[in-house]
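*Asks:* Dropping the structure in here first, questions after.
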Amino acid sequence: MPTVLGTIATDQDGCNVNQAFVWTAEKGAVGAHTKQYFPDEGGFYEARWFGAGQTHFRVVEAGILRVGFLICSEVMFNEHARHYGRSGAHLIAAPRATPVGSLGRWLVALRMAAIVSGCYVASSNRGGTDSKGLRFGGCGWIVDPNGEVVAQTSTATPVASYDLDIDFAARAQREYPCYIPELRQKQTGSQDHS
């Protein structure tokens with residue numbers, strides 16, 4: 001079944017939000033997540049344009065896949081990638097609009113998101129130059145649950161695909177470092193036993 005994952009600027013209860021969605025022919029567009037982390041600097045004044053909307057990082061169904069979203073800056077916060085892995089996601093979609101000079105930093109963040117979650121991470125990026133001369137990186141990646149880049153886009157190859165192995169993701173989520181409990185779980189567990 002054809003499925004589209006994306007984001008759109010929209011209004012949610014009077015608040016401008018950056019809304020992630022899953023689209024299928026059967027259900028149409030279903031809201032999945034609203035961006036929670038916003039930069040506030042030249043070219044990226046999102047904190048002035050958007051609000052957080054509903055706060056949740058939930059896994060949604062996209063055909064046979066279980067998907068979580070980390071919209072752009074959110075991928076820098078690994079606790080949410082880890083949450084998605086613990087919630088049984090197979091894929092984290094991480095759409096971005098990031099400049100050329102920072103591509104290396106974003107690839108590190110995407111690889112870490114995959115490693116700590118045991119999920120595949122697919123990240124598209126805006127390309128080209130905006131009206132103020134800011135040049136976007138364009139490069140997109142698909143990263144496997146071990147943090148290895150398995151597909152990449154470029155100007156010469158603007159579309160990339162990869163067959164995801166959901167069993168591989170499930171195995172990775174039972175292995176290091178994914179199996180390590182959260183600190184608060186250890187503390188809660190030790191308090192419960194005293």
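Order determines the names: the first chain of the structure tokens is A, the second B, and so forth; residues in each chain are numbered 1 upward, and ligands are numbered 1 upward as they are shown.
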Which residues, written as a ChimeraX atom specification, have at least one atom at most 9 Å from A:Met1, with only C-alpha atoms counted and residues fewer than 2 positions away on the same chain left out?

*Replies:* /A:3,24-26,63

*Asks:* Those residues with C-alpha atoms, as a JSON list (two decimals), in the first residue's frame please?

*Replies:*
```json
[["chain", "number", "residue", "atom", "x", "y", "z"],
["A", 3, "THR", "CA", 2.32, 5.45, 2.11],
["A", 24, "THR", "CA", -2.45, 6.42, 2.83],
["A", 25, "ALA", "CA", -5.12, 6.18, 0.13],
["A", 26, "GLU", "CA", -7.34, 4.36, 2.62],
["A", 63, "GLY", "CA", 1.25, 0.04, 6.57]]
```

*Asks:* Assign secondary structure with DSSP using the backbone only, and return the residues of chain A in strand (DSSP E or B) as a ChimeraX atom specification.

*Replies:* /A:3-12,15-24,28-34,41,44,60-62,65-69,91-93,96,99,120-123,125,127-129,135-137,141-143,149-152

*Asks:* Can you check which parts of stretch 93-127 of chain A lie within 10 Å of stretch 39-47 of chain A? Per residue, the shortest pair of atoms and distance in Å to one decimal, counting only C-alpha atoms, sorted by chain and number, as JSON lines.

*Replies:*
```
{"residue": "A:Ala97", "atom": "CA", "partner": "A:Phe44", "partner_atom": "CA", "distance": 9.3}
{"residue": "A:Thr98", "atom": "CA", "partner": "A:Phe44", "partner_atom": "CA", "distance": 9.4}
{"residue": "A:Pro99", "atom": "CA", "partner": "A:Gly43", "partner_atom": "CA", "distance": 9.8}
```

*Asks:* Selection from above, N, CA and C atoms, as an mmCIF file, in the first residue's frame, can you write it?

*Replies:*
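In the end it all went to part-v6.cif:
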```
data_model
loop_
_atom_site.group_PDB
_atom_site.id
_atom_site.type_symbol
_atom_site.label_atom_id
_atom_site.label_comp_id
_atom_site.auth_asym_id
_atom_site.auth_seq_id
_atom_site.Cartn_x
_atom_site.Cartn_y
_atom_site.Cartn_z
ATOM 1 N N ALA A 97 15.582 20.606 7.290
ATOM 2 C CA ALA A 97 15.928 21.722 6.407
ATOM 3 C C ALA A 97 17.214 22.293 6.979
ATOM 4 N N THR A 98 18.340 21.685 6.610
ATOM 5 C CA THR A 98 19.627 22.013 7.232
ATOM 6 C C THR A 98 20.636 22.467 6.184
ATOM 7 N N PRO A 99 21.508 23.419 6.559
ATOM 8 C CA PRO A 99 22.450 23.984 5.591
ATOM 9 C C PRO A 99 23.630 23.050 5.286
#
```

*Asks:* Could you tell me how far atom CA of A:Ala151 lies from atom CA of A:Leu134, in Å and to one decimal?

*Replies:* 25.7 Å

*Asks:* Which residues are near A:Trp106? Cut-off 10 Å, only C-alpha atoms, ignore same chain within fewer than 4 positions. Put them as a list of chain:residue names.

*Replies:* A:Cys72, A:Ser73, A:Val75, A:Met76, A:Arg96, A:Thr98, A:Pro99, A:Ser102, A:Leu110, A:Arg111, A:Met112, A:Ser123, A:Gly140

*Asks:* Store the residues picked out above in a file with N, CA and C atoms, as a PDB file, in the first residue's frame.

*Replies:*
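The result, stored in again.pdb:
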```pdb
ATOM      1  N   CYS A  72      13.567  17.457  12.279  1.00  0.00           N
ATOM      2  CA  CYS A  72      14.756  18.297  12.242  1.00  0.00           C
ATOM      3  C   CYS A  72      15.466  18.355  13.599  1.00  0.00           C
ATOM      4  N   SER A  73      15.443  19.471  14.308  1.00  0.00           N
ATOM      5  CA  SER A  73      16.193  19.626  15.562  1.00  0.00           C
ATOM      6  C   SER A  73      15.914  18.536  16.587  1.00  0.00           C
ATOM      7  N   VAL A  75      15.990  15.449  16.329  1.00  0.00           N
ATOM      8  CA  VAL A  75      16.890  14.297  16.235  1.00  0.00           C
ATOM      9  C   VAL A  75      18.138  14.504  17.100  1.00  0.00           C
ATOM     10  N   MET A  76      18.389  15.718  17.528  1.00  0.00           N
ATOM     11  CA  MET A  76      19.531  16.001  18.404  1.00  0.00           C
ATOM     12  C   MET A  76      19.287  15.531  19.846  1.00  0.00           C
ATOM     13  N   ARG A  96      14.330  17.178   7.457  1.00  0.00           N
ATOM     14  CA  ARG A  96      15.149  18.304   7.905  1.00  0.00           C
ATOM     15  C   ARG A  96      15.164  19.414   6.849  1.00  0.00           C
ATOM     16  N   THR A  98      18.340  21.685   6.610  1.00  0.00           N
ATOM     17  CA  THR A  98      19.627  22.013   7.232  1.00  0.00           C
ATOM     18  C   THR A  98      20.636  22.467   6.184  1.00  0.00           C
ATOM     19  N   PRO A  99      21.508  23.419   6.559  1.00  0.00           N
ATOM     20  CA  PRO A  99      22.450  23.984   5.591  1.00  0.00           C
ATOM     21  C   PRO A  99      23.630  23.050   5.286  1.00  0.00           C
ATOM     22  N   SER A 102      26.568  22.063   7.859  1.00  0.00           N
ATOM     23  CA  SER A 102      26.305  21.273   9.061  1.00  0.00           C
ATOM     24  C   SER A 102      25.966  19.814   8.773  1.00  0.00           C
ATOM     25  N   LEU A 110      21.797  11.419  13.291  1.00  0.00           N
ATOM     26  CA  LEU A 110      20.944  10.377  12.719  1.00  0.00           C
ATOM     27  C   LEU A 110      21.489   8.987  13.034  1.00  0.00           C
ATOM     28  N   ARG A 111      22.793   8.827  12.937  1.00  0.00           N
ATOM     29  CA  ARG A 111      23.402   7.526  13.243  1.00  0.00           C
ATOM     30  C   ARG A 111      23.207   7.184  14.719  1.00  0.00           C
ATOM     31  N   MET A 112      23.367   8.157  15.593  1.00  0.00           N
ATOM     32  CA  MET A 112      23.141   7.902  17.029  1.00  0.00           C
ATOM     33  C   MET A 112      21.676   7.580  17.309  1.00  0.00           C
ATOM     34  N   SER A 123      16.024  10.132   6.640  1.00  0.00           N
ATOM     35  CA  SER A 123      16.022  11.584   6.767  1.00  0.00           C
ATOM     36  C   SER A 123      16.186  12.238   5.408  1.00  0.00           C
ATOM     37  N   GLY A 140      20.194  13.450   1.859  1.00  0.00           N
ATOM     38  CA  GLY A 140      19.340  12.635   2.709  1.00  0.00           C
ATOM     39  C   GLY A 140      19.988  11.279   2.924  1.00  0.00           C
TER      40      GLY A 140
END
```

*Asks:* Tell me, counting only C-alpha atoms, for each residue of stretch 37-121 of chain A within 10 Å of stretch 168-172 of chain A, which pair of atoms is nearest and how far apart they are in Å to one decimal, in rows ordered by chain and increasing number, as a Markdown table.

*Replies:*
```
| residue | atom | partner | partner_atom | distance |
| --- | --- | --- | --- | --- |
| A:Gly85 | CA | A:Ala169 | CA | 8.7 |
| A:Gly88 | CA | A:Ala170 | CA | 7.5 |
| A:Ala89 | CA | A:Ala169 | CA | 8.3 |
| A:His90 | CA | A:Ala169 | CA | 5.8 |
| A:Leu91 | CA | A:Ala169 | CA | 8.4 |
| A:Ala114 | CA | A:Ala169 | CA | 9.5 |
| A:Ile115 | CA | A:Ala172 | CA | 8.4 |
| A:Val116 | CA | A:Ala172 | CA | 9.4 |
| A:Ser117 | CA | A:Ala172 | CA | 8.2 |
| A:Gly118 | CA | A:Ala172 | CA | 4.8 |
| A:Cys119 | CA | A:Ala169 | CA | 5.4 |
| A:Tyr120 | CA | A:Ala169 | CA | 7.1 |
```

*Asks:* For a quick check of understanding, using only C-alpha atoms, which of A:Pro145, A:Gly28, A:Phe38, A:Gln54 has the smallest distance to A:Asp13?

*Replies:*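 That would be A:Gln54, the residue with the smallest distance to A:Asp13.
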
*Asks:* Which polymer residues have any atom within 10 Å of an atom of A:Pro158, counting only C-alpha atoms, with same-chain residues fewer than 5 positions away left out, as a compact mmCIF listing (two decimals) with N, CA and C atoms, in the first residue's frame?

*Replies:*
```txt
# COMPACT_ATOMS: atom_id res chain seq x y z
N GLY A 127 16.91 21.05 -0.29
CA GLY A 127 18.06 21.39 -1.12
C GLY A 127 17.89 22.78 -1.71
N GLY A 138 20.64 19.45 1.15
CA GLY A 138 20.04 18.50 0.22
C GLY A 138 20.26 17.05 0.54
N CYS A 139 21.36 16.68 1.13
CA CYS A 139 21.71 15.27 1.33
C CYS A 139 20.74 14.58 2.30
N GLY A 140 20.19 13.45 1.86
CA GLY A 140 19.34 12.64 2.71
C GLY A 140 19.99 11.28 2.92
N GLN A 152 21.85 6.92 0.35
CA GLN A 152 22.11 8.35 0.44
C GLN A 152 21.64 9.02 -0.84
N THR A 153 21.09 10.23 -0.69
CA THR A 153 20.74 11.01 -1.86
C THR A 153 21.82 12.05 -2.13
```

*Asks:* Using the chain letters and numbers from this document, which residues of stretch 3-187 of chain A does DSSP assign to alpha helix (DSSP H), as a PyMOL selection string?

*Replies:* chain A and resi 46-49+78-86+103-117+166-172+183-187

*Asks:* Tell me which protein, DNA and RNA residues are within 8 Å of A:His33, counting only C-alpha atoms, leaving out same-chain ones fewer than 3 positions away, and put them as a list in words.

*Replies:* Gln19, Ala20, Phe21, Gln54, Thr55, His56, Phe57, Arg58 and Phe69 of chain A

*Asks:* Which is closest to A:Ala52 among A:Ala32, A:Tyr84, A:Gln12, A:Glu79, if we use only C-alpha atoms?

*Replies:*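 Ranked by minimum distance to A:Ala52, first place goes to A:Gln12.
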
*Asks:* Determine the nearest neighbour of A:Val22 from the options A:Leu5, A:Val108, A:Ala156, A:Ala94, counting only C-alpha atoms.

*Replies:*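 The closest residue to A:Val22 is A:Leu5.
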
*Asks:* Please identify all polymer residues within 8 Å of A:Ala9, counting only C-alpha atoms, omitting same-chain residues fewer than 2 positions from it, and present them as a PyMOL selection string.

*Replies:* chain A and resi 7+11+16-19

*Asks:* Ranking A:Arg82, A:Arg48, A:Phe77, A:Val100 by minimum distance to A:Phe136 and counting only C-alpha atoms, which one comes first?

*Replies:*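 Ranked by minimum distance to A:Phe136, first place goes to A:Val100.
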
*Asks:* Record the distance separating atom CA of A:Ser87 and atom CA of A:Lys35, expressed in Å with one decimal.

*Replies:*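 Straight-line distance from atom CA of A:Ser87 to atom CA of A:Lys35 works out to 18.7 Å.
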
*Asks:* What separation in Å, quoted to one decimal, exists between atom CA of A:Val30 and atom CA of A:Asn125?

*Replies:* 21.8 Å
